>>> print(open('query21.tsv').read())   # TSV, C-alpha atoms
chain	number	residue	atom	x	y	z
A	1	SER	CA	0.00	0.00	0.00
A	2	PRO	CA	1.21	3.54	-0.74
A	3	ARG	CA	2.94	5.33	2.08
A	4	PRO	CA	0.98	8.28	3.48
A	5	ARG	CA	2.52	11.65	2.65
A	6	SER	CA	3.75	13.66	5.55
A	7	PRO	CA	2.07	17.04	5.81
A	8	ARG	CA	3.98	20.01	4.36
A	9	PRO	CA	5.30	22.37	6.99
A	10	ARG	CA	3.52	25.68	6.97
A	11	SER	CA	5.59	28.72	6.20
A	12	PRO	CA	5.83	31.06	9.19
A	13	ARG	CA	3.43	33.99	9.20
A	14	PRO	CA	5.18	37.23	8.18
A	15	SER	CA	5.97	39.56	11.01
A	16	LEU	CA	4.14	42.87	11.38
A	17	GLN	CA	7.18	44.63	9.91
A	18	GLN	CA	7.08	42.36	6.81
A	19	ASP	CA	3.33	42.92	6.42
A	20	HIS	CA	3.94	46.63	6.17
A	21	ALA	CA	6.99	46.43	3.92
A	22	PRO	CA	6.91	48.81	0.94
A	23	LEU	CA	5.48	47.39	-2.28
A	24	VAL	CA	8.33	48.84	-4.33
A	25	GLU	CA	11.90	48.35	-3.28
A	26	VAL	CA	13.76	51.63	-3.14
A	27	LYS	CA	17.30	51.30	-4.45
A	28	THR	CA	19.92	53.89	-3.69
A	29	GLN	CA	22.07	54.84	-6.69
A	30	LYS	CA	25.28	56.76	-6.74
A	31	PRO	CA	24.69	60.23	-8.25
A	32	THR	CA	26.26	60.86	-11.63
A	33	SER	CA	29.44	62.93	-11.58
A	34	ILE	CA	32.08	64.09	-14.04
A	35	GLU	CA	34.32	61.32	-12.62
A	36	ASP	CA	32.07	58.78	-14.38
A	37	PHE	CA	33.35	59.94	-17.80
A	38	THR	CA	36.57	60.14	-19.77
A	39	VAL	CA	36.83	63.39	-21.73
A	40	HIS	CA	38.20	62.88	-25.25
A	41	GLY	CA	37.92	66.43	-26.57
A	42	THR	CA	35.69	69.41	-27.30
A	43	LEU	CA	32.86	69.20	-29.82
A	44	GLY	CA	31.89	72.86	-29.74
A	45	GLN	CA	31.47	75.99	-27.72
A	46	GLY	CA	28.60	78.44	-27.68
A	47	GLY	CA	26.99	81.18	-25.68
A	48	PHE	CA	25.61	78.73	-23.15
A	49	GLY	CA	28.43	76.27	-22.57
A	50	THR	CA	31.10	73.95	-23.85
A	51	VAL	CA	30.12	70.61	-25.38
A	52	LEU	CA	32.57	67.81	-24.63
A	53	LEU	CA	33.07	64.44	-26.27
A	54	VAL	CA	33.00	61.92	-23.42
A	55	GLU	CA	33.03	58.19	-22.87
A	56	GLU	CA	30.96	56.61	-20.11
A	57	THR	CA	33.38	54.61	-17.99
A	58	ALA	CA	30.81	51.96	-17.04
A	59	THR	CA	29.46	51.24	-20.53
A	60	GLY	CA	32.04	52.54	-22.99
A	61	GLU	CA	29.30	54.53	-24.76
A	62	MET	CA	30.31	57.78	-26.41
A	63	ARG	CA	28.15	60.79	-25.45
A	64	ALA	CA	28.07	64.55	-25.70
A	65	LEU	CA	28.35	66.37	-22.38
A	66	LYS	CA	27.25	70.00	-22.21
A	67	GLU	CA	29.19	71.83	-19.50
A	68	ILE	CA	27.76	75.14	-18.20
A	69	SER	CA	29.87	77.28	-15.89
A	70	LYS	CA	28.06	78.47	-12.75
A	71	ARG	CA	30.49	81.36	-12.46
A	72	ASN	CA	28.74	83.08	-15.35
A	73	MET	CA	25.21	82.35	-14.11
A	74	ASN	CA	24.97	85.79	-12.55
A	75	SER	CA	21.26	86.52	-12.89
A	76	LYS	CA	17.93	84.85	-12.26
A	77	GLU	CA	17.28	84.92	-16.02
A	78	HIS	CA	20.40	82.85	-16.71
A	79	TRP	CA	19.29	80.18	-14.24
A	80	GLU	CA	15.81	80.16	-15.79
A	81	CYS	CA	17.38	79.56	-19.20
A	82	VAL	CA	19.25	76.49	-17.97
A	83	ILE	CA	16.23	75.11	-16.12
A	84	ALA	CA	14.02	75.69	-19.16
A	85	GLU	CA	16.45	73.86	-21.45
A	86	SER	CA	16.61	70.91	-19.07
A	87	GLU	CA	12.80	70.74	-18.83
A	88	ALA	CA	12.35	71.03	-22.60
A	89	LEU	CA	14.90	68.29	-23.34
A	90	GLN	CA	13.30	65.96	-20.79
A	91	LYS	CA	9.84	66.60	-22.20
A	92	LEU	CA	10.64	66.25	-25.90
A	93	ARG	CA	10.98	62.72	-27.26
A	94	HIS	CA	11.39	62.60	-31.04
A	95	PRO	CA	13.87	60.87	-33.38
A	96	LEU	CA	14.81	64.25	-34.91
A	97	ILE	CA	15.55	65.94	-31.56
A	98	ILE	CA	18.77	65.32	-29.65
A	99	LYS	CA	18.19	62.76	-26.88
A	100	PHE	CA	18.60	63.78	-23.25
A	101	TYR	CA	20.03	61.20	-20.84
A	102	ASP	CA	20.85	62.91	-17.56
A	103	ALA	CA	21.58	66.18	-15.76
A	104	PHE	CA	23.92	66.66	-12.81
A	105	GLN	CA	26.09	69.31	-11.23
A	106	ASP	CA	29.10	69.99	-9.07
A	107	ALA	CA	30.36	73.10	-7.31
A	108	ALA	CA	31.53	74.76	-10.53
A	109	HIS	CA	29.36	73.43	-13.37
A	110	ILE	CA	25.99	72.14	-14.52
A	111	TYR	CA	26.10	69.21	-16.95
A	112	PHE	CA	23.65	67.83	-19.52
A	113	LEU	CA	24.43	64.34	-20.83
A	114	LEU	CA	23.20	64.12	-24.42
A	115	GLU	CA	23.15	61.88	-27.44
A	116	LEU	CA	26.24	62.13	-29.63
A	117	ALA	CA	25.49	63.28	-33.18
A	118	ASP	CA	28.88	62.57	-34.69
A	119	GLY	CA	28.09	64.01	-38.12
A	120	GLY	CA	28.77	67.50	-36.76
A	121	THR	CA	26.53	70.47	-37.45
A	122	LEU	CA	24.55	71.16	-40.58
A	123	LEU	CA	26.80	74.18	-41.13
A	124	GLN	CA	29.86	71.92	-41.18
A	125	GLN	CA	28.14	69.60	-43.63
A	126	LEU	CA	27.32	72.57	-45.85
A	127	GLU	CA	30.92	73.79	-45.78
A	128	LYS	CA	32.15	70.31	-46.77
A	129	ARG	CA	29.99	70.59	-49.89
A	130	GLY	CA	31.34	73.96	-50.94
A	131	GLY	CA	28.52	75.99	-49.40
A	132	ARG	CA	25.66	74.39	-51.34
A	133	PHE	CA	23.47	71.31	-50.93
A	134	SER	CA	21.92	69.59	-53.89
A	135	GLU	CA	18.19	70.14	-54.37
A	136	GLU	CA	17.52	66.59	-53.21
A	137	TRP	CA	19.48	67.04	-49.97
A	138	SER	CA	17.92	70.48	-49.42
A	139	ARG	CA	14.42	69.00	-49.63
A	140	PHE	CA	15.42	66.19	-47.29
A	141	TYR	CA	16.85	68.48	-44.60
A	142	CYS	CA	13.98	71.00	-44.88
A	143	ALA	CA	11.44	68.19	-44.44
A	144	GLU	CA	13.18	66.85	-41.33
A	145	ILE	CA	13.55	70.32	-39.80
A	146	ALA	CA	9.85	70.98	-40.42
A	147	LEU	CA	8.91	67.68	-38.75
A	148	ALA	CA	11.06	68.44	-35.70
A	149	ILE	CA	9.72	71.98	-35.28
A	150	SER	CA	6.14	70.82	-35.81
A	151	TYR	CA	6.57	68.33	-32.96
A	152	VAL	CA	8.13	71.00	-30.70
A	153	HIS	CA	5.13	73.29	-31.36
A	154	SER	CA	2.74	70.41	-30.63
A	155	GLN	CA	4.27	70.32	-27.14
A	156	ASN	CA	3.54	74.07	-26.65
A	157	ILE	CA	7.20	75.04	-26.95
A	158	VAL	CA	8.56	77.66	-29.35
A	159	TYR	CA	12.19	77.00	-30.32
A	160	ARG	CA	13.42	80.57	-31.11
A	161	ASP	CA	17.04	79.72	-31.97
A	162	MET	CA	16.98	78.24	-35.47
A	163	LYS	CA	20.41	78.30	-37.13
A	164	LEU	CA	22.66	75.80	-38.86
A	165	GLU	CA	24.93	75.51	-35.81
A	166	ASN	CA	22.02	74.16	-33.75
A	167	LEU	CA	21.09	71.50	-36.31
A	168	LEU	CA	23.25	68.44	-35.70
A	169	VAL	CA	23.63	65.47	-38.04
A	170	SER	CA	23.63	61.85	-36.88
A	171	ASN	CA	25.99	59.24	-38.27
A	172	SER	CA	23.06	57.98	-40.39
A	173	GLY	CA	22.63	61.44	-41.94
A	174	HIS	CA	19.46	62.58	-40.14
A	175	VAL	CA	18.96	66.02	-38.59
A	176	LYS	CA	18.95	66.37	-34.79
A	177	LEU	CA	17.55	69.61	-33.37
A	178	ALA	CA	19.63	70.75	-30.38
A	179	ASP	CA	20.19	73.64	-27.96
A	180	PHE	CA	16.94	74.69	-26.28
A	181	GLY	CA	18.46	77.50	-24.20
A	182	LEU	CA	16.16	80.13	-25.76
A	183	ALA	CA	13.01	78.02	-25.76
A	184	THR	CA	9.67	79.63	-24.93
A	185	GLN	CA	6.70	77.99	-23.26
A	186	ARG	CA	3.66	78.84	-25.31
A	187	THR	CA	0.58	80.23	-23.56
A	188	ASN	CA	-2.73	78.48	-24.02
A	189	ARG	CA	-4.73	81.25	-25.68
A	190	ARG	CA	-8.11	80.07	-24.39
A	191	GLN	CA	-6.85	79.96	-20.83
A	192	ALA	CA	-5.26	83.38	-21.20
A	193	ALA	CA	-8.50	84.86	-22.55
A	194	ASN	CA	-10.35	83.68	-19.43
A	195	LYS	CA	-7.91	85.36	-17.06
A	196	PRO	CA	-8.41	88.88	-15.73
A	197	GLY	CA	-6.59	91.13	-18.16
A	198	GLY	CA	-6.40	88.21	-20.58
A	199	GLY	CA	-6.69	90.48	-23.60
A	200	GLU	CA	-3.11	91.61	-23.12
A	201	GLU	CA	-1.87	88.02	-22.76
A	202	LEU	CA	-3.85	86.59	-25.66
A	203	ALA	CA	-1.15	86.85	-28.30
A	204	GLU	CA	1.84	86.53	-25.97
A	205	ASP	CA	4.26	83.66	-25.61
A	206	GLN	CA	5.90	83.30	-22.22
A	207	PRO	CA	9.64	83.89	-22.80
A	208	VAL	CA	11.95	81.78	-20.72
A	209	CYS	CA	14.95	84.00	-21.41
A	210	SER	CA	15.90	86.65	-23.92
A	211	HIS	CA	19.64	86.12	-24.23
A	212	LYS	CA	22.39	83.72	-23.34
A	213	PRO	CA	25.15	84.26	-20.81
A	214	THR	CA	28.74	84.45	-21.92
A	215	VAL	CA	30.76	81.36	-21.03
>>> encode(input="query21.tsv", output="structure tokens")
Amino acid sequence: SPRPRSPRPRSPRPSLQQDHAPLVEVKTQKPTSIEDFTVHGTLGQGGFGTVLLVEETATGEMRALKEISKRNMNSKEHWECVIAESEALQKLRHPLIIKFYDAFQDAAHIYFLLELADGGTLLQQLEKRGGRFSEEWSRFYCAEIALAISYVHSQNIVYRDMKLENLLVSNSGHVKLADFGLATQRTNRRQAANKPGGGEELAEDQPVCSHKPTV
């Protein structure tokens, strides 16, 4: 005859502390710092900062790191520009807009970790071709720029800094819109019209900043 099975031991009832354990485990992560990267050179320099070519030590991935000096952030408007650019880059997700990975700071600088568009700027591409694109390439770039700007406007942001230096080119040849330091948050006109004094605000965009600090 078959042997009777011994009863399975019951697992002990969780303690009160276990019953009230958080549903999501909170993991502490070391903050990003400049020490996490190897700097290989400078990609460019503008009114808002220096863009460095860096390699992530942990992954070996090549990135662009925008370095903004705090020493020159000498007004509230300058800080608002940097905050606005960070918020715009985090909000915008489009294949024709430069990808934002992280933001961090130290005592001297603010850093934006960005996608590397290793085709350079559209201005550099134009200069390589003797100052003129073919009609086919002109149509291609104009179409991609229009798509990128249309998406930015759909997110209630006005770009306000269109120039060839701010149009990067990926290694696959596609345009990447970059540098949102002069971006403007667009006012909802219906909401503005319902506010007291809304007639004055009706046609106004809300400027984030009007000029860039000198680096």
>>> residues_around(input="query21.tsv", residues="stretch 125-129 of chain A", least_positions_apart="2", cutoff="12 Å", atoms="only C-alpha atoms", output="PyMOL selection string")
chain A and resi 118-123+131-134+137-138+141+164-165+167-171+173-175
>>> residues_around(input="query21.tsv", residues="A:Lys70", least_positions_apart="6", cutoff="7 Å", atoms="all atoms listed in the file", output="PyMOL selection string")
chain A and resi 108-110
>>> residues_around(input="query21.tsv", residues="A:Gln90", least_positions_apart="6", cutoff="9 Å", atoms="all atoms listed in the file", output="NGL selection string")
:A and (99-102)
>>> closest_residue(input="query21.tsv", among="A:Glu144, A:Glu77, A:Asp161, A:Glu115", to="A:Met62", atoms="all atoms listed in the file")
A:Glu115
>>> closest_residue(input="query21.tsv", among="A:Ile157, A:Val54, A:Ile145, A:Ile68", to="A:Leu114", atoms="all atoms listed in the file")
A:Val54
>>> closest_residue(input="query21.tsv", among="A:Thr38, A:Ser86, A:Ser33, A:Gln124", to="A:Ala64", atoms="only C-alpha atoms")
A:Thr38
>>> residues_near_point(input="query21.tsv", point="(12.6, 71.1, -16.0)", cutoff="12 Å", atoms="all atoms listed in the file", output="list of chain:residue names")
A:Trp79, A:Glu80, A:Cys81, A:Val82, A:Ile83, A:Ala84, A:Glu85, A:Ser86, A:Glu87, A:Ala88, A:Leu89, A:Gln90, A:Lys91, A:Leu92, A:Phe100, A:Asp102, A:Ala103, A:Phe180, A:Gly181, A:Ala183, A:Gln185, A:Val208
>>> closest_residue(input="query21.tsv", among="A:Arg139, A:His94, A:Arg186, A:Lys176", to="A:Arg160", atoms="all atoms listed in the file")
A:Arg186
>>> decode(input="query21.tsv", residues="stretch 51-179 of chain A", atoms="C-alpha atoms", output="PDB file, in the first residue's frame")
ATOM      1  CA  VAL A  51      30.117  70.608 -25.382  1.00  0.00           C
ATOM      2  CA  LEU A  52      32.566  67.813 -24.628  1.00  0.00           C
ATOM      3  CA  LEU A  53      33.068  64.441 -26.273  1.00  0.00           C
ATOM      4  CA  VAL A  54      33.000  61.918 -23.424  1.00  0.00           C
ATOM      5  CA  GLU A  55      33.029  58.186 -22.874  1.00  0.00           C
ATOM      6  CA  GLU A  56      30.961  56.610 -20.112  1.00  0.00           C
ATOM      7  CA  THR A  57      33.377  54.608 -17.992  1.00  0.00           C
ATOM      8  CA  ALA A  58      30.809  51.959 -17.038  1.00  0.00           C
ATOM      9  CA  THR A  59      29.458  51.240 -20.531  1.00  0.00           C
ATOM     10  CA  GLY A  60      32.040  52.538 -22.989  1.00  0.00           C
ATOM     11  CA  GLU A  61      29.302  54.527 -24.759  1.00  0.00           C
ATOM     12  CA  MET A  62      30.313  57.780 -26.411  1.00  0.00           C
ATOM     13  CA  ARG A  63      28.151  60.789 -25.455  1.00  0.00           C
ATOM     14  CA  ALA A  64      28.067  64.547 -25.701  1.00  0.00           C
ATOM     15  CA  LEU A  65      28.348  66.374 -22.376  1.00  0.00           C
ATOM     16  CA  LYS A  66      27.252  69.999 -22.214  1.00  0.00           C
ATOM     17  CA  GLU A  67      29.190  71.827 -19.501  1.00  0.00           C
ATOM     18  CA  ILE A  68      27.759  75.137 -18.205  1.00  0.00           C
ATOM     19  CA  SER A  69      29.872  77.285 -15.891  1.00  0.00           C
ATOM     20  CA  LYS A  70      28.064  78.467 -12.751  1.00  0.00           C
ATOM     21  CA  ARG A  71      30.491  81.363 -12.460  1.00  0.00           C
ATOM     22  CA  ASN A  72      28.736  83.083 -15.354  1.00  0.00           C
ATOM     23  CA  MET A  73      25.210  82.351 -14.107  1.00  0.00           C
ATOM     24  CA  ASN A  74      24.973  85.786 -12.555  1.00  0.00           C
ATOM     25  CA  SER A  75      21.261  86.517 -12.893  1.00  0.00           C
ATOM     26  CA  LYS A  76      17.930  84.846 -12.262  1.00  0.00           C
ATOM     27  CA  GLU A  77      17.278  84.917 -16.017  1.00  0.00           C
ATOM     28  CA  HIS A  78      20.400  82.849 -16.713  1.00  0.00           C
ATOM     29  CA  TRP A  79      19.290  80.180 -14.243  1.00  0.00           C
ATOM     30  CA  GLU A  80      15.812  80.160 -15.788  1.00  0.00           C
ATOM     31  CA  CYS A  81      17.384  79.561 -19.202  1.00  0.00           C
ATOM     32  CA  VAL A  82      19.246  76.487 -17.972  1.00  0.00           C
ATOM     33  CA  ILE A  83      16.235  75.109 -16.117  1.00  0.00           C
ATOM     34  CA  ALA A  84      14.024  75.692 -19.163  1.00  0.00           C
ATOM     35  CA  GLU A  85      16.450  73.862 -21.445  1.00  0.00           C
ATOM     36  CA  SER A  86      16.605  70.907 -19.070  1.00  0.00           C
ATOM     37  CA  GLU A  87      12.805  70.741 -18.825  1.00  0.00           C
ATOM     38  CA  ALA A  88      12.354  71.031 -22.602  1.00  0.00           C
ATOM     39  CA  LEU A  89      14.903  68.288 -23.339  1.00  0.00           C
ATOM     40  CA  GLN A  90      13.303  65.960 -20.788  1.00  0.00           C
ATOM     41  CA  LYS A  91       9.838  66.597 -22.196  1.00  0.00           C
ATOM     42  CA  LEU A  92      10.643  66.247 -25.901  1.00  0.00           C
ATOM     43  CA  ARG A  93      10.983  62.721 -27.257  1.00  0.00           C
ATOM     44  CA  HIS A  94      11.390  62.596 -31.039  1.00  0.00           C
ATOM     45  CA  PRO A  95      13.874  60.872 -33.383  1.00  0.00           C
ATOM     46  CA  LEU A  96      14.809  64.252 -34.913  1.00  0.00           C
ATOM     47  CA  ILE A  97      15.555  65.940 -31.563  1.00  0.00           C
ATOM     48  CA  ILE A  98      18.767  65.323 -29.647  1.00  0.00           C
ATOM     49  CA  LYS A  99      18.195  62.759 -26.883  1.00  0.00           C
ATOM     50  CA  PHE A 100      18.600  63.782 -23.247  1.00  0.00           C
ATOM     51  CA  TYR A 101      20.034  61.197 -20.836  1.00  0.00           C
ATOM     52  CA  ASP A 102      20.855  62.912 -17.556  1.00  0.00           C
ATOM     53  CA  ALA A 103      21.580  66.183 -15.759  1.00  0.00           C
ATOM     54  CA  PHE A 104      23.919  66.660 -12.810  1.00  0.00           C
ATOM     55  CA  GLN A 105      26.092  69.313 -11.232  1.00  0.00           C
ATOM     56  CA  ASP A 106      29.101  69.987  -9.067  1.00  0.00           C
ATOM     57  CA  ALA A 107      30.359  73.104  -7.307  1.00  0.00           C
ATOM     58  CA  ALA A 108      31.531  74.760 -10.526  1.00  0.00           C
ATOM     59  CA  HIS A 109      29.361  73.426 -13.372  1.00  0.00           C
ATOM     60  CA  ILE A 110      25.988  72.142 -14.515  1.00  0.00           C
ATOM     61  CA  TYR A 111      26.102  69.205 -16.950  1.00  0.00           C
ATOM     62  CA  PHE A 112      23.650  67.834 -19.525  1.00  0.00           C
ATOM     63  CA  LEU A 113      24.428  64.342 -20.827  1.00  0.00           C
ATOM     64  CA  LEU A 114      23.204  64.125 -24.422  1.00  0.00           C
ATOM     65  CA  GLU A 115      23.146  61.883 -27.444  1.00  0.00           C
ATOM     66  CA  LEU A 116      26.240  62.135 -29.625  1.00  0.00           C
ATOM     67  CA  ALA A 117      25.494  63.282 -33.177  1.00  0.00           C
ATOM     68  CA  ASP A 118      28.883  62.570 -34.688  1.00  0.00           C
ATOM     69  CA  GLY A 119      28.088  64.012 -38.120  1.00  0.00           C
ATOM     70  CA  GLY A 120      28.767  67.497 -36.756  1.00  0.00           C
ATOM     71  CA  THR A 121      26.528  70.471 -37.446  1.00  0.00           C
ATOM     72  CA  LEU A 122      24.549  71.156 -40.583  1.00  0.00           C
ATOM     73  CA  LEU A 123      26.799  74.182 -41.126  1.00  0.00           C
ATOM     74  CA  GLN A 124      29.858  71.919 -41.179  1.00  0.00           C
ATOM     75  CA  GLN A 125      28.136  69.597 -43.634  1.00  0.00           C
ATOM     76  CA  LEU A 126      27.316  72.571 -45.850  1.00  0.00           C
ATOM     77  CA  GLU A 127      30.921  73.790 -45.778  1.00  0.00           C
ATOM     78  CA  LYS A 128      32.149  70.306 -46.773  1.00  0.00           C
ATOM     79  CA  ARG A 129      29.990  70.592 -49.895  1.00  0.00           C
ATOM     80  CA  GLY A 130      31.339  73.959 -50.935  1.00  0.00           C
ATOM     81  CA  GLY A 131      28.515  75.988 -49.400  1.00  0.00           C
ATOM     82  CA  ARG A 132      25.656  74.387 -51.343  1.00  0.00           C
ATOM     83  CA  PHE A 133      23.467  71.306 -50.927  1.00  0.00           C
ATOM     84  CA  SER A 134      21.916  69.588 -53.895  1.00  0.00           C
ATOM     85  CA  GLU A 135      18.194  70.138 -54.368  1.00  0.00           C
ATOM     86  CA  GLU A 136      17.519  66.590 -53.212  1.00  0.00           C
ATOM     87  CA  TRP A 137      19.476  67.039 -49.973  1.00  0.00           C
ATOM     88  CA  SER A 138      17.919  70.482 -49.419  1.00  0.00           C
ATOM     89  CA  ARG A 139      14.418  69.004 -49.627  1.00  0.00           C
ATOM     90  CA  PHE A 140      15.417  66.191 -47.290  1.00  0.00           C
ATOM     91  CA  TYR A 141      16.854  68.477 -44.602  1.00  0.00           C
ATOM     92  CA  CYS A 142      13.984  70.996 -44.878  1.00  0.00           C
ATOM     93  CA  ALA A 143      11.439  68.195 -44.439  1.00  0.00           C
ATOM     94  CA  GLU A 144      13.182  66.850 -41.330  1.00  0.00           C
ATOM     95  CA  ILE A 145      13.554  70.321 -39.801  1.00  0.00           C
ATOM     96  CA  ALA A 146       9.850  70.977 -40.420  1.00  0.00           C
ATOM     97  CA  LEU A 147       8.910  67.677 -38.751  1.00  0.00           C
ATOM     98  CA  ALA A 148      11.063  68.440 -35.703  1.00  0.00           C
ATOM     99  CA  ILE A 149       9.722  71.983 -35.282  1.00  0.00           C
ATOM    100  CA  SER A 150       6.144  70.822 -35.811  1.00  0.00           C
ATOM    101  CA  TYR A 151       6.575  68.334 -32.960  1.00  0.00           C
ATOM    102  CA  VAL A 152       8.127  71.001 -30.695  1.00  0.00           C
ATOM    103  CA  HIS A 153       5.134  73.290 -31.359  1.00  0.00           C
ATOM    104  CA  SER A 154       2.735  70.414 -30.631  1.00  0.00           C
ATOM    105  CA  GLN A 155       4.268  70.322 -27.137  1.00  0.00           C
ATOM    106  CA  ASN A 156       3.537  74.068 -26.654  1.00  0.00           C
ATOM    107  CA  ILE A 157       7.199  75.037 -26.953  1.00  0.00           C
ATOM    108  CA  VAL A 158       8.558  77.663 -29.354  1.00  0.00           C
ATOM    109  CA  TYR A 159      12.192  76.999 -30.317  1.00  0.00           C
ATOM    110  CA  ARG A 160      13.416  80.569 -31.108  1.00  0.00           C
ATOM    111  CA  ASP A 161      17.036  79.715 -31.974  1.00  0.00           C
ATOM    112  CA  MET A 162      16.984  78.236 -35.468  1.00  0.00           C
ATOM    113  CA  LYS A 163      20.408  78.305 -37.128  1.00  0.00           C
ATOM    114  CA  LEU A 164      22.657  75.804 -38.860  1.00  0.00           C
ATOM    115  CA  GLU A 165      24.930  75.508 -35.812  1.00  0.00           C
ATOM    116  CA  ASN A 166      22.022  74.159 -33.746  1.00  0.00           C
ATOM    117  CA  LEU A 167      21.092  71.498 -36.308  1.00  0.00           C
ATOM    118  CA  LEU A 168      23.251  68.435 -35.705  1.00  0.00           C
ATOM    119  CA  VAL A 169      23.631  65.470 -38.040  1.00  0.00           C
ATOM    120  CA  SER A 170      23.629  61.847 -36.880  1.00  0.00           C
ATOM    121  CA  ASN A 171      25.992  59.238 -38.272  1.00  0.00           C
ATOM    122  CA  SER A 172      23.063  57.984 -40.389  1.00  0.00           C
ATOM    123  CA  GLY A 173      22.627  61.444 -41.940  1.00  0.00           C
ATOM    124  CA  HIS A 174      19.463  62.581 -40.142  1.00  0.00           C
ATOM    125  CA  VAL A 175      18.957  66.021 -38.594  1.00  0.00           C
ATOM    126  CA  LYS A 176      18.954  66.368 -34.786  1.00  0.00           C
ATOM    127  CA  LEU A 177      17.546  69.610 -33.375  1.00  0.00           C
ATOM    128  CA  ALA A 178      19.635  70.751 -30.384  1.00  0.00           C
ATOM    129  CA  ASP A 179      20.190  73.638 -27.961  1.00  0.00           C
TER     130      ASP A 179
END
